[in-house]
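K.L.:
So I've got this file, coords.cif, and it contains mmCIF, C-alpha atoms:
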```cif
data_upload
#
loop_
_atom_site.label_atom_id
_atom_site.label_comp_id
_atom_site.auth_asym_id
_atom_site.auth_seq_id
_atom_site.Cartn_x
_atom_site.Cartn_y
_atom_site.Cartn_z
CA MET I 29 0.00 0.00 0.00
CA GLU I 30 2.81 2.33 0.95
CA TRP I 31 4.60 2.07 -2.38
CA ILE I 32 1.40 2.74 -4.31
CA ALA I 33 1.01 5.96 -2.34
CA ALA I 34 4.66 6.81 -3.03
CA LEU I 35 4.12 6.22 -6.73
CA GLY I 36 1.05 8.43 -6.67
CA ARG I 37 2.92 11.15 -4.82
CA PHE I 38 5.73 10.95 -7.38
CA ALA I 39 3.33 11.24 -10.31
CA LEU I 40 1.47 14.15 -8.69
CA ASP I 41 4.75 15.95 -8.04
CA ILE I 42 5.72 15.65 -11.68
CA LEU I 43 2.31 16.92 -12.78
CA ARG I 44 2.45 19.81 -10.33
CA SER I 45 5.92 20.80 -11.47
CA LEU I 46 4.87 20.61 -15.15
CA GLY I 47 1.84 22.76 -14.46
CA HIS I 48 3.95 25.27 -12.59
CA HIS I 49 6.39 25.48 -15.49
CA ALA I 50 3.54 25.96 -17.95
CA ALA I 51 1.86 28.68 -15.87
CA PHE I 52 5.20 30.46 -15.45
CA PHE I 53 5.93 30.21 -19.17
CA TRP I 54 2.52 31.71 -19.97
CA GLU I 55 3.08 34.60 -17.56
CA LEU I 56 6.52 35.21 -19.06
CA LEU I 57 5.05 35.27 -22.58
CA ARG I 58 2.40 37.77 -21.46
CA THR I 59 5.07 40.20 -20.27
CA LEU I 60 6.99 40.06 -23.56
CA PRO I 61 5.05 42.81 -25.39
CA VAL I 62 5.52 45.19 -22.47
CA SER I 63 9.23 44.55 -22.17
CA LEU I 64 9.73 44.87 -25.93
CA ARG I 65 8.73 48.50 -25.58
CA ARG I 66 12.17 49.11 -24.10
CA PRO I 67 14.32 46.96 -26.37
CA HIS I 68 17.59 48.24 -24.94
CA PHE I 69 17.30 45.86 -21.98
CA ALA I 70 17.07 42.93 -24.38
CA VAL I 71 19.97 44.25 -26.47
CA VAL I 72 22.17 44.34 -23.37
CA GLN I 73 21.23 40.70 -22.73
CA VAL I 74 22.00 39.66 -26.32
CA HIS I 75 25.43 41.14 -25.72
CA ALA I 76 25.87 39.35 -22.40
CA LEU I 77 24.59 35.98 -23.64
CA GLY I 78 25.59 36.10 -27.30
CA ASN I 79 28.71 38.21 -27.86
CA LEU I 80 30.40 36.97 -24.73
CA SER I 81 29.69 33.31 -25.65
CA LEU I 82 31.36 33.70 -29.04
CA LEU I 83 34.76 32.51 -27.90
CA VAL I 84 33.61 29.18 -26.49
CA ILE I 85 31.13 28.54 -29.32
CA LEU I 86 33.56 29.37 -32.14
CA SER I 87 36.45 27.39 -30.72
CA SER I 88 34.24 24.36 -30.04
CA GLY I 89 32.80 24.58 -33.55
CA LEU I 90 36.26 24.68 -35.05
CA ALA I 91 37.43 21.73 -32.94
CA VAL I 92 34.32 19.68 -33.78
CA GLY I 93 34.83 20.42 -37.48
CA PHE I 94 38.49 19.35 -37.32
CA VAL I 95 37.77 16.09 -35.52
CA LEU I 96 34.68 15.18 -37.57
CA ALA I 97 36.56 15.71 -40.83
CA LEU I 98 39.53 13.66 -39.65
CA GLN I 99 37.48 10.74 -38.38
CA THR I 100 35.02 10.58 -41.27
CA TYR I 101 37.97 10.79 -43.64
CA TYR I 102 39.53 7.65 -42.16
CA ALA I 103 36.22 5.79 -42.33
CA LEU I 104 35.26 6.97 -45.83
CA ALA I 105 38.72 6.53 -47.36
CA THR I 106 38.31 2.77 -46.82
CA TYR I 107 35.43 2.81 -49.30
CA GLY I 108 37.01 5.27 -51.70
CA ALA I 109 34.42 7.91 -50.80
CA ALA I 110 36.79 10.39 -49.18
CA ASP I 111 35.40 13.24 -51.26
CA SER I 112 32.14 13.03 -49.32
CA VAL I 113 33.83 14.19 -46.11
CA GLY I 114 32.46 17.69 -46.57
CA LEU I 115 28.92 16.42 -47.08
CA VAL I 116 28.99 14.20 -44.00
CA VAL I 117 30.44 16.98 -41.84
CA ASN I 118 27.98 19.54 -43.20
CA LEU I 119 24.90 17.38 -42.70
CA SER I 120 25.84 16.28 -39.20
CA LEU I 121 26.69 19.84 -38.18
CA VAL I 122 23.71 21.62 -39.71
CA ARG I 123 21.13 19.02 -38.75
CA GLU I 124 22.27 17.81 -35.35
CA LEU I 125 25.57 18.86 -33.84
CA GLY I 126 25.27 22.58 -34.51
CA PRO I 127 22.00 23.11 -32.63
CA VAL I 128 22.55 20.44 -29.96
CA VAL I 129 26.17 21.12 -28.98
CA THR I 130 25.57 24.86 -29.11
CA ALA I 131 22.56 24.43 -26.81
CA LEU I 132 24.59 22.32 -24.36
CA LEU I 133 27.40 24.90 -24.34
CA PHE I 134 24.89 27.72 -24.14
CA ALA I 135 23.25 26.12 -21.10
CA GLY I 136 26.66 25.87 -19.45
CA ARG I 137 28.02 29.28 -20.48
CA ALA I 138 24.94 31.53 -20.52
CA GLY I 139 22.17 29.64 -18.73
CA THR I 140 24.16 29.31 -15.52
CA SER I 141 25.03 32.99 -15.47
CA LEU I 142 21.35 33.87 -15.92
CA THR I 143 20.27 31.58 -13.09
CA ALA I 144 22.99 32.76 -10.72
CA GLU I 145 22.28 36.42 -11.48
CA ILE I 146 18.53 36.15 -10.97
CA GLY I 147 18.96 33.88 -7.94
CA LEU I 148 21.32 36.36 -6.29
CA MET I 149 18.93 39.21 -7.07
CA LYS I 150 16.29 37.20 -5.29
CA ALA I 151 18.60 36.35 -2.38
CA GLY I 152 19.47 40.05 -2.05
CA GLU I 153 15.74 40.82 -2.08
CA GLN I 154 16.14 43.04 -5.13
CA LEU I 155 13.19 41.35 -6.80
CA ALA I 156 11.03 41.92 -3.73
CA ALA I 157 12.12 45.57 -3.68
CA MET I 158 11.09 45.96 -7.31
CA GLU I 159 7.69 44.55 -6.55
CA LEU I 160 7.32 47.03 -3.71
CA MET I 161 8.02 49.81 -6.18
CA ALA I 162 5.27 48.39 -8.42
CA VAL I 163 7.83 47.25 -11.04
CA ASP I 164 7.03 43.77 -12.30
CA PRO I 165 10.31 41.83 -12.04
CA LYS I 166 9.04 39.44 -14.69
CA SER I 167 8.88 42.13 -17.34
CA ARG I 168 11.88 44.13 -16.11
CA VAL I 169 14.32 41.33 -15.24
CA LEU I 170 13.15 37.99 -16.65
CA ALA I 171 11.65 38.89 -20.03
CA PRO I 172 14.69 40.78 -21.43
CA ARG I 173 16.95 37.89 -20.43
CA PHE I 174 14.58 35.38 -22.03
CA ILE I 175 14.42 37.41 -25.26
CA GLY I 176 18.19 37.82 -25.28
CA GLY I 177 18.71 34.07 -25.00
CA VAL I 178 16.15 33.23 -27.70
CA VAL I 179 17.77 35.73 -30.10
CA ALA I 180 21.37 34.75 -29.36
CA MET I 181 20.98 30.96 -29.56
CA PRO I 182 20.12 30.52 -33.29
CA ILE I 183 22.89 32.96 -34.27
CA LEU I 184 25.39 31.03 -32.17
CA ALA I 185 24.23 27.73 -33.69
CA LEU I 186 24.64 29.09 -37.23
CA LEU I 187 28.14 30.34 -36.39
CA PHE I 188 29.00 26.97 -34.85
CA SER I 189 28.00 25.13 -38.05
CA ALA I 190 29.72 27.61 -40.35
CA VAL I 191 32.96 27.56 -38.38
CA GLY I 192 32.80 23.75 -38.17
CA ILE I 193 32.54 23.49 -41.96
CA LEU I 194 35.49 25.84 -42.34
CA GLY I 195 37.39 23.63 -39.89
CA ALA I 196 36.52 20.57 -41.97
CA TYR I 197 37.76 22.44 -45.04
CA VAL I 198 41.07 23.16 -43.33
CA VAL I 199 41.58 19.51 -42.38
CA ALA I 200 40.20 17.82 -45.50
CA VAL I 201 41.53 20.16 -48.20
CA LEU I 202 44.54 21.93 -46.73
CA LEU I 203 45.97 19.13 -44.57
CA ILE I 204 44.82 15.88 -46.18
CA GLY I 205 44.77 17.28 -49.70
CA LEU I 206 41.32 16.43 -51.03
CA ASP I 207 40.17 18.33 -54.08
CA PRO I 208 38.45 21.58 -53.00
CA GLY I 209 36.07 21.53 -55.98
CA ASN I 210 34.74 18.09 -55.07
CA PHE I 211 34.61 19.04 -51.40
CA TRP I 212 32.27 21.97 -52.05
CA SER I 213 30.23 20.60 -54.96
CA ILE I 214 29.33 17.28 -53.28
CA MET I 215 28.35 19.29 -50.22
CA GLU I 216 26.22 21.65 -52.28
CA ASN I 217 24.46 18.79 -54.03
CA GLY I 218 23.62 16.88 -50.88
CA VAL I 219 22.42 19.65 -48.58
CA ASP I 220 18.95 21.08 -49.02
CA VAL I 221 18.35 24.61 -47.76
CA ARG I 222 14.84 24.04 -46.50
CA ARG I 223 15.08 20.46 -45.26
CA ASP I 224 18.50 20.59 -43.63
CA LEU I 225 19.38 24.19 -42.92
CA GLY I 226 15.80 25.30 -42.22
CA ASN I 227 15.08 22.46 -39.84
CA GLY I 228 18.40 23.07 -38.10
CA ILE I 229 17.43 26.70 -37.52
CA ILE I 230 14.01 25.68 -36.19
CA LYS I 231 15.77 23.30 -33.81
CA SER I 232 18.13 25.98 -32.56
CA ILE I 233 15.23 28.37 -31.91
CA VAL I 234 13.39 25.68 -29.92
CA PHE I 235 16.57 24.94 -27.95
CA GLY I 236 17.05 28.66 -27.32
CA VAL I 237 13.56 28.86 -25.83
CA ILE I 238 14.20 25.78 -23.69
CA CYS I 239 17.60 26.90 -22.36
CA SER I 240 16.56 30.49 -21.65
CA PHE I 241 13.28 29.49 -20.04
CA VAL I 242 14.84 26.84 -17.80
CA ALA I 243 17.58 29.26 -16.70
CA VAL I 244 15.15 32.08 -15.95
CA TYR I 245 12.69 29.78 -14.18
CA GLN I 246 15.33 28.14 -12.02
CA GLY I 247 16.76 31.52 -11.05
CA PHE I 248 13.38 32.94 -10.16
CA GLU I 249 12.30 29.87 -8.18
CA ALA I 250 15.65 29.41 -6.41
CA LYS I 251 15.73 29.30 -2.62
CA ALA I 252 17.03 32.67 -1.46
CA THR I 253 20.18 31.25 0.13
CA PRO I 254 23.72 30.70 -1.19
CA GLU I 255 23.06 26.98 -1.19
CA GLY I 256 19.74 27.44 -3.00
CA VAL I 257 21.36 29.52 -5.75
CA ALA I 258 24.13 26.93 -6.18
CA ARG I 259 21.56 24.16 -6.47
CA ALA I 260 19.45 26.13 -8.93
CA THR I 261 22.51 26.72 -11.12
CA THR I 262 23.29 23.02 -11.18
CA ARG I 263 19.67 22.19 -11.98
CA THR I 264 19.72 24.66 -14.88
CA VAL I 265 22.53 22.78 -16.60
CA VAL I 266 21.10 19.33 -15.92
CA ILE I 267 17.50 20.11 -16.86
CA SER I 268 18.29 22.13 -19.97
CA SER I 269 20.78 19.55 -21.25
CA LEU I 270 18.40 16.64 -20.75
CA THR I 271 15.43 18.53 -22.20
CA VAL I 272 17.47 19.59 -25.22
CA LEU I 273 18.60 16.02 -25.88
CA ALA I 274 15.09 14.59 -25.51
CA MET I 275 13.57 17.36 -27.61
CA ASP I 276 16.24 16.84 -30.27
CA PHE I 277 15.20 13.22 -30.66
CA VAL I 278 11.53 14.21 -31.00
CA LEU I 279 12.30 16.98 -33.51
CA THR I 280 14.60 14.75 -35.55
CA ALA I 281 11.92 12.07 -35.73
CA LEU I 282 9.36 14.64 -36.87
CA MET I 283 11.62 16.39 -39.38
CA PHE I 284 13.70 13.70 -40.99
CA SER I 285 11.73 10.45 -40.65
CA THR I 286 9.86 10.77 -43.95
CA ARG I 287 11.34 12.41 -46.95
CA MET U 25 30.01 50.00 -21.17
CA SER U 26 28.14 52.79 -22.90
CA LYS U 27 24.71 52.15 -24.36
CA ARG U 28 25.93 52.85 -27.87
CA GLY U 29 28.96 50.59 -27.56
CA THR U 30 26.79 47.65 -26.52
CA GLU U 31 24.41 48.26 -29.39
CA ILE U 32 27.26 48.33 -31.90
CA LEU U 33 28.68 45.07 -30.56
CA VAL U 34 25.27 43.38 -30.72
CA GLY U 35 24.83 44.69 -34.25
CA LEU U 36 28.15 43.12 -35.23
CA PHE U 37 27.07 39.87 -33.59
CA VAL U 38 23.83 39.77 -35.60
CA LEU U 39 25.72 40.63 -38.80
CA LEU U 40 28.10 37.77 -38.10
CA GLY U 41 25.11 35.45 -37.74
CA ILE U 42 23.64 36.65 -41.04
CA ALA U 43 27.01 36.11 -42.71
CA ALA U 44 27.08 32.55 -41.38
CA LEU U 45 23.55 31.95 -42.69
CA VAL U 46 24.46 33.28 -46.13
CA PHE U 47 27.61 31.16 -46.17
CA LEU U 48 25.67 28.02 -45.21
CA ALA U 49 22.88 28.71 -47.71
CA LEU U 50 24.98 29.70 -50.71
CA ARG U 51 28.33 28.07 -50.35
CA ALA U 52 27.44 24.90 -48.46
CA ALA U 53 23.96 24.16 -49.78
CA ASN U 54 22.19 24.20 -53.10
CA LEU U 55 20.21 27.42 -52.87
CA SER U 56 22.15 28.94 -55.72
CA SER U 57 21.32 26.24 -58.26
CA PHE U 58 17.84 26.03 -59.74
CA ASN U 59 15.77 26.99 -56.74
CA GLY U 60 14.72 30.43 -57.85
CA ALA U 61 15.34 29.97 -61.55
CA ASP U 62 12.54 29.77 -64.08
CA THR U 63 11.74 26.21 -65.07
CA TYR U 64 9.27 24.27 -67.14
CA THR U 65 7.98 20.74 -66.53
CA LEU U 66 8.39 17.65 -68.68
CA THR U 67 7.31 14.12 -67.81
CA ALA U 68 8.94 10.85 -68.76
CA LYS U 69 7.70 7.29 -68.26
CA PHE U 70 10.16 4.51 -67.56
CA ASP U 71 9.63 0.74 -67.25
CA ASN U 72 12.02 0.78 -64.32
CA ILE U 73 13.31 3.88 -62.64
CA GLY U 74 15.95 2.03 -60.64
CA GLY U 75 17.51 4.13 -57.91
CA LEU U 76 16.30 7.47 -59.22
CA LYS U 77 15.22 9.84 -56.45
CA VAL U 78 13.33 13.07 -56.15
CA ARG U 79 15.87 15.90 -56.63
CA SER U 80 18.15 13.73 -58.74
CA PRO U 81 19.82 15.82 -61.43
CA VAL U 82 18.78 15.90 -65.08
CA ARG U 83 21.81 16.25 -67.33
CA SER U 84 22.33 16.83 -70.97
CA ALA U 85 25.83 16.18 -72.29
CA GLY U 86 26.87 15.97 -68.64
CA VAL U 87 25.64 19.47 -67.80
CA VAL U 88 22.95 19.73 -65.12
CA VAL U 89 19.90 21.32 -66.74
CA GLY U 90 17.19 20.41 -64.21
CA ARG U 91 15.96 18.23 -61.39
CA VAL U 92 13.49 15.41 -60.87
CA THR U 93 10.61 16.89 -58.89
CA SER U 94 8.37 13.88 -58.33
CA ILE U 95 8.22 10.16 -58.97
CA ALA U 96 4.98 8.20 -59.12
CA LEU U 97 3.60 4.96 -60.51
CA ASP U 98 1.20 5.16 -63.43
CA PRO U 99 -1.69 2.95 -62.23
CA LYS U 100 -2.68 1.95 -65.79
CA SER U 101 0.58 1.08 -67.50
CA TYR U 102 2.50 0.24 -64.30
CA GLN U 103 5.35 2.44 -65.40
CA GLY U 104 7.27 4.86 -63.25
CA VAL U 105 6.44 8.48 -64.07
CA ALA U 106 9.14 11.05 -63.36
CA ARG U 107 8.40 14.77 -63.55
CA LEU U 108 11.38 16.88 -64.52
CA ASP U 109 11.86 20.59 -63.95
CA ILE U 110 14.07 21.89 -66.73
CA ASP U 111 15.76 25.27 -66.84
CA LYS U 112 13.78 27.69 -69.06
CA SER U 113 16.87 28.74 -70.97
CA VAL U 114 17.32 25.21 -72.36
CA GLN U 115 14.86 23.93 -75.00
CA PHE U 116 14.83 20.36 -76.26
CA PRO U 117 13.51 19.00 -79.61
CA ILE U 118 10.47 16.73 -79.32
CA ASP U 119 12.42 13.63 -80.38
CA THR U 120 14.77 13.98 -77.42
CA SER U 121 15.34 10.70 -75.58
CA ALA U 122 15.67 10.26 -71.84
CA ARG U 123 17.83 7.60 -70.25
CA ILE U 124 18.45 6.73 -66.64
CA LEU U 125 22.20 6.63 -66.16
CA THR U 126 24.54 6.06 -63.27
CA ALA U 127 27.38 8.33 -62.25
CA GLY U 128 30.31 5.97 -61.94
CA LEU U 129 29.84 2.26 -61.33
CA LEU U 130 27.90 2.53 -58.08
CA GLY U 131 27.16 6.27 -57.97
CA ASP U 132 23.89 8.13 -57.88
CA GLN U 133 21.50 7.78 -60.76
CA TYR U 134 20.45 10.67 -62.93
CA ILE U 135 18.43 11.26 -66.08
CA GLY U 136 20.41 11.92 -69.21
CA LEU U 137 18.70 13.78 -72.04
CA GLU U 138 19.98 13.29 -75.57
CA ALA U 139 18.74 15.98 -77.89
CA GLY U 140 17.27 14.83 -81.18
CA GLY U 141 17.21 16.59 -84.51
CA ASP U 142 13.59 17.68 -84.79
CA GLU U 143 12.68 21.28 -85.54
CA LYS U 144 9.82 21.41 -83.01
CA MET U 145 10.66 21.98 -79.36
CA PHE U 146 8.96 20.56 -76.27
CA ALA U 147 6.20 22.69 -74.82
CA PRO U 148 5.88 22.83 -71.02
CA GLY U 149 4.00 19.77 -69.71
CA ASP U 150 4.92 17.51 -72.64
CA THR U 151 5.89 13.87 -72.24
CA ILE U 152 9.21 12.52 -73.47
CA LYS U 153 8.31 9.54 -75.66
CA SER U 154 11.55 7.69 -76.16
CA THR U 155 12.90 6.53 -72.84
CA GLN U 156 15.33 3.90 -71.68
CA SER U 157 15.04 2.34 -68.24
CA ALA U 158 17.63 2.12 -65.53
CA VAL U 159 20.11 -0.70 -65.78
CA VAL U 160 19.63 -2.99 -62.81
CA LEU U 161 23.04 -4.23 -61.80
CA GLU U 162 21.73 -7.52 -60.38
CA SER U 163 20.08 -8.58 -63.63
CA LEU U 164 23.22 -7.62 -65.55
CA ILE U 165 25.35 -9.77 -63.26
CA SER U 166 23.00 -12.72 -63.42
CA GLN U 167 22.84 -12.41 -67.20
CA PHE U 168 26.62 -12.36 -67.31
CA LEU U 169 26.86 -15.43 -65.06
CA PHE U 170 24.29 -17.36 -67.12
CA ASN U 171 26.19 -16.56 -70.27
CA LYS U 172 29.41 -17.75 -68.64
CA ALA U 173 27.70 -20.94 -67.52
CA ALA U 174 26.35 -21.53 -71.00
CA ASP U 175 29.80 -20.91 -72.51
CA ALA U 176 31.35 -23.36 -70.08
CA GLY U 177 29.15 -26.22 -71.29
CA GLY U 178 25.55 -25.91 -70.26
CA PRO U 179 23.90 -25.35 -66.91
CA SER U 180 25.09 -28.74 -65.53
CA ALA U 181 28.78 -27.85 -65.72
CA PRO U 182 30.37 -25.95 -62.84
CA ALA U 183 30.24 -22.31 -63.82
CA ALA U 184 33.42 -21.04 -62.25
CA ASN U 185 36.92 -22.51 -62.00
CA ALA U 186 36.21 -25.01 -64.78
CA PRO U 187 38.77 -24.92 -67.60
CA PRO U 188 37.23 -24.33 -71.01
CA ALA U 189 35.80 -27.73 -71.89
CA PRO U 190 37.12 -28.96 -75.26
CA SER U 191 33.83 -30.59 -76.21
CA GLY U 192 31.66 -27.82 -74.75
CA ALA U 193 28.65 -26.83 -76.75
CA LYS U 194 29.44 -23.36 -77.98
CA LYS U 195 26.55 -21.00 -78.40
#
```
What would the structure in this file look like if it were written as structure tokens?
P.N.:
Amino acid sequence: MEWIAALGRFALDILRSLGHHAAFFWELLRTLPVSLRRPHFAVVQVHALGNLSLLVILSSGLAVGFVLALQTYYALATYGAADSVGLVVNLSLVRELGPVVTALLFAGRAGTSLTAEIGLMKAGEQLAAMELMAVDPKSRVLAPRFIGGVVAMPILALLFSAVGILGAYVVAVLLIGLDPGNFWSIMENGVDVRRDLGNGIIKSIVFGVICSFVAVYQGFEAKATPEGVARATTRTVVISSLTVLAMDFVLTALMFSTR
Amino acid sequence: MSKRGTEILVGLFVLLGIAALVFLALRAANLSSFNGADTYTLTAKFDNIGGLKVRSPVRSAGVVVGRVTSIALDPKSYQGVARLDIDKSVQFPIDTSARILTAGLLGDQYIGLEAGGDEKMFAPGDTIKSTQSAVVLESLISQFLFNKAADAGGPSAPAANAPPAPSGAKK
């Protein structure tokens, strides 16, 4: 009897948490029009979340491009298909690795800073002070950060893919010595703008929403203690990474299963 | 940092993103070829379309002049019907023949158009009458093996390894 009750409690907790997330998301969306009236707040956040993440995103993209090109070259050279290295690297970057790895890095680089910042504001009772002054912290603090994350994430994912392809070019053409004409033309023939690039961009927007929302939510709901902020920051990384990976599988199944 | 400085940096960031998008769309994908260009449609019926796919290229003398836009089965004749989008700037005579060819031994299949000598040109929506189906590698190989077996002295003789039989029935 006891374990049935425990199971029920567990299920109810999940439902309650889901409902809380949904209600919070709805409230956040409702504040967006108001906060867009002062776009400078969002611009500052794009700078904090986007520009300052460039270094980690670009260097990871380059490294991923290098390694992918090298490894696929070894595998493909066995079958005499080494010229397709560019195509394989491009498809895997644009469709999957670009959005997913960028989202994971984004959760670690930008999501944590969001959560810690908002959590500390809460711990310092700045949010409560705002409410006392009749300023809605959701539209003044949370919404600009959410918008900033949603804008920055697709741009970062595009840069990740582009830099990765350049990295693959460096390895495959400059180091290994494949023919550059074949490298580009096979890539051009095999990659469709709408199916591959378009779906990749949709993915990165969805991941941007997920990462920014999780970070903002965790920061706002953090316990107002040093320990609570630390825990919320950890949860941001874990929850956004797992949600991104699960969502990626769902999106891939929807986008690429039938063609 | 000043308000203006931040805005300039964010502007640069967005520009960088647009540059990446343009690079991916133009240099690393096929937006530049045939997506916006004016095309007209031709159809061709084949007994066997082999490994032809939607978006396979249509070539004439090796030059890509169009793409396959759809593949369907004709429910009456049980032939495969391929619809081809051909670049408007290229006109073909009405006795042009279409063949399904393979790039390399095991490469992708494409449709090759061989222009005829007729004065009249295809109008949009016309059907190419003379077609040649895809070569199915398996049937070629089995044909080759059967011929070998027949050369080596009828179906009862071991096909491989056997030295040419002196009394073998030559066909």
K.L.:
I'd like the neighbourhood of segment 187-200 of chain I as a VMD selection string, where a residue qualifies if any of its atoms comes within 9 Å (using only C-alpha atoms), though same-chain residues fewer than 2 positions away should be ignored.
P.N.:
(chain I and resid 82 85 to 98 101 110 to 111 113 to 114 117 to 118 121 to 122 125 to 127 129 to 130 182 to 185 202 to 208 211 to 212) or (chain U and resid 40 to 41 43 to 45 47 to 48 52)
K.L.:
Segment 112-128 of chain U: which residues within 7 Å, counting only C-alpha atoms, same-chain residues fewer than 3 positions away excluded, as a VMD selection string?
P.N.:
chain U and resid 62 to 64 131 to 146 152 154 to 158
K.L.:
Any idea which chain I residues end up within 7 Å of chain U if we count all atoms listed in the file, as a ChimeraX atom specification please?
P.N.:
/I:71-72,74-75,79,183,186-187,190,212,215-217,219-221
K.L.:
Give me the residues within 9 Å of Phe235 of chain I as number ranges by chain, counting all atoms listed in the file and dropping any in the same chain fewer than 4 places off.
P.N.:
I: 127-128, 131, 178, 181-182, 230-231, 239-240, 268, 271-272, 275-276
K.L.:
Which distance in Å separates atom CA of Asp224 of chain I and atom CA of Thr280 of chain I, to one decimal?
P.N.:
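Straight-line distance from atom CA of Asp224 of chain I to atom CA of Thr280 of chain I works out to 10.7 Å.
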K.L.:
For the file shown, what are the residues hit by the PyMOL selection byres ((chain I and resi 146-154) around 12), laid out as JSON, numbers by chain?
P.N.:
{"I": [139, 140, 141, 142, 143, 144, 145, 155, 156, 157, 158, 159, 160, 161, 163, 164, 165, 166, 168, 169, 170, 171, 173, 174, 243, 244, 245, 246, 247, 248, 249, 250, 251, 252, 253, 254, 255, 256, 257, 258, 259, 260, 261, 264]}
K.L.:
Tell me, as a ChimeraX atom specification, which residues lie within 8 Å of Ala70 of chain I, counting only C-alpha atoms; anything in the same chain fewer than 6 positions away does not count.
P.N.:
/I:64,172-173,175-176
K.L.:
Keeping C-alpha atoms, export the residues of the selection given above as a PDB file, in the frame of the given file.
P.N.:
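Resulting contents of again-v5.pdb:
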```
ATOM      1  CA  LEU I  64       9.730  44.870 -25.930  1.00  0.00           C
ATOM      2  CA  PRO I 172      14.690  40.780 -21.430  1.00  0.00           C
ATOM      3  CA  ARG I 173      16.950  37.890 -20.430  1.00  0.00           C
ATOM      4  CA  ILE I 175      14.420  37.410 -25.260  1.00  0.00           C
ATOM      5  CA  GLY I 176      18.190  37.820 -25.280  1.00  0.00           C
TER       6      GLY I 176
END
```
K.L.:
State, in Å with one decimal place, the distance from atom CA of Gly136 of chain I to atom CA of Gly226 of chain I.
P.N.:
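Interatomic distance here is 25.2 Å.
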K.L.:
Suppose a student applies the PyMOL selection byres ((chain U and resi 160-166) around 10) to this structure; what residues should they get, written as a list in words?
P.N.:
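Here the PyMOL selection byres ((chain U and resi 160-166) around 10) matches Asn72, Ile73, Gly74, Gly75, Leu129, Leu130, Ser157, Ala158, Val159, Gln167, Phe168, Leu169, Phe170, Asn171 and Lys172 of chain U.
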K.L.:
Compile the contact shell of Gly104 of chain U as a ChimeraX atom specification: residues with an atom at most 8 Å away, counting all atoms listed in the file, same-chain residues fewer than 4 positions apart removed.
P.N.:
/U:69-73,95-98
K.L.:
Between atom CA of Thr106 of chain I and atom CA of Arg123 of chain I, measure the distance and give it in Å to one decimal.
P.N.:
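Straight-line distance from atom CA of Thr106 of chain I to atom CA of Arg123 of chain I works out to 25.0 Å.
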K.L.:
Run through the PyMOL selection byres ((chain U and resi 65) around 12) on the given coordinates and return the selected residues as a ChimeraX atom specification.
P.N.:
/U:62-64,66-68,82,89-94,106-112,114-116,146-152
K.L.:
I need the residue nearest His49 of chain I from this list: I:Trp31, I:Phe241, I:Tyr107, I:Phe134. Use only C-alpha atoms for the distance.
P.N.:
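Among the listed residues, the smallest separation from His49 of chain I belongs to I:Phe241.
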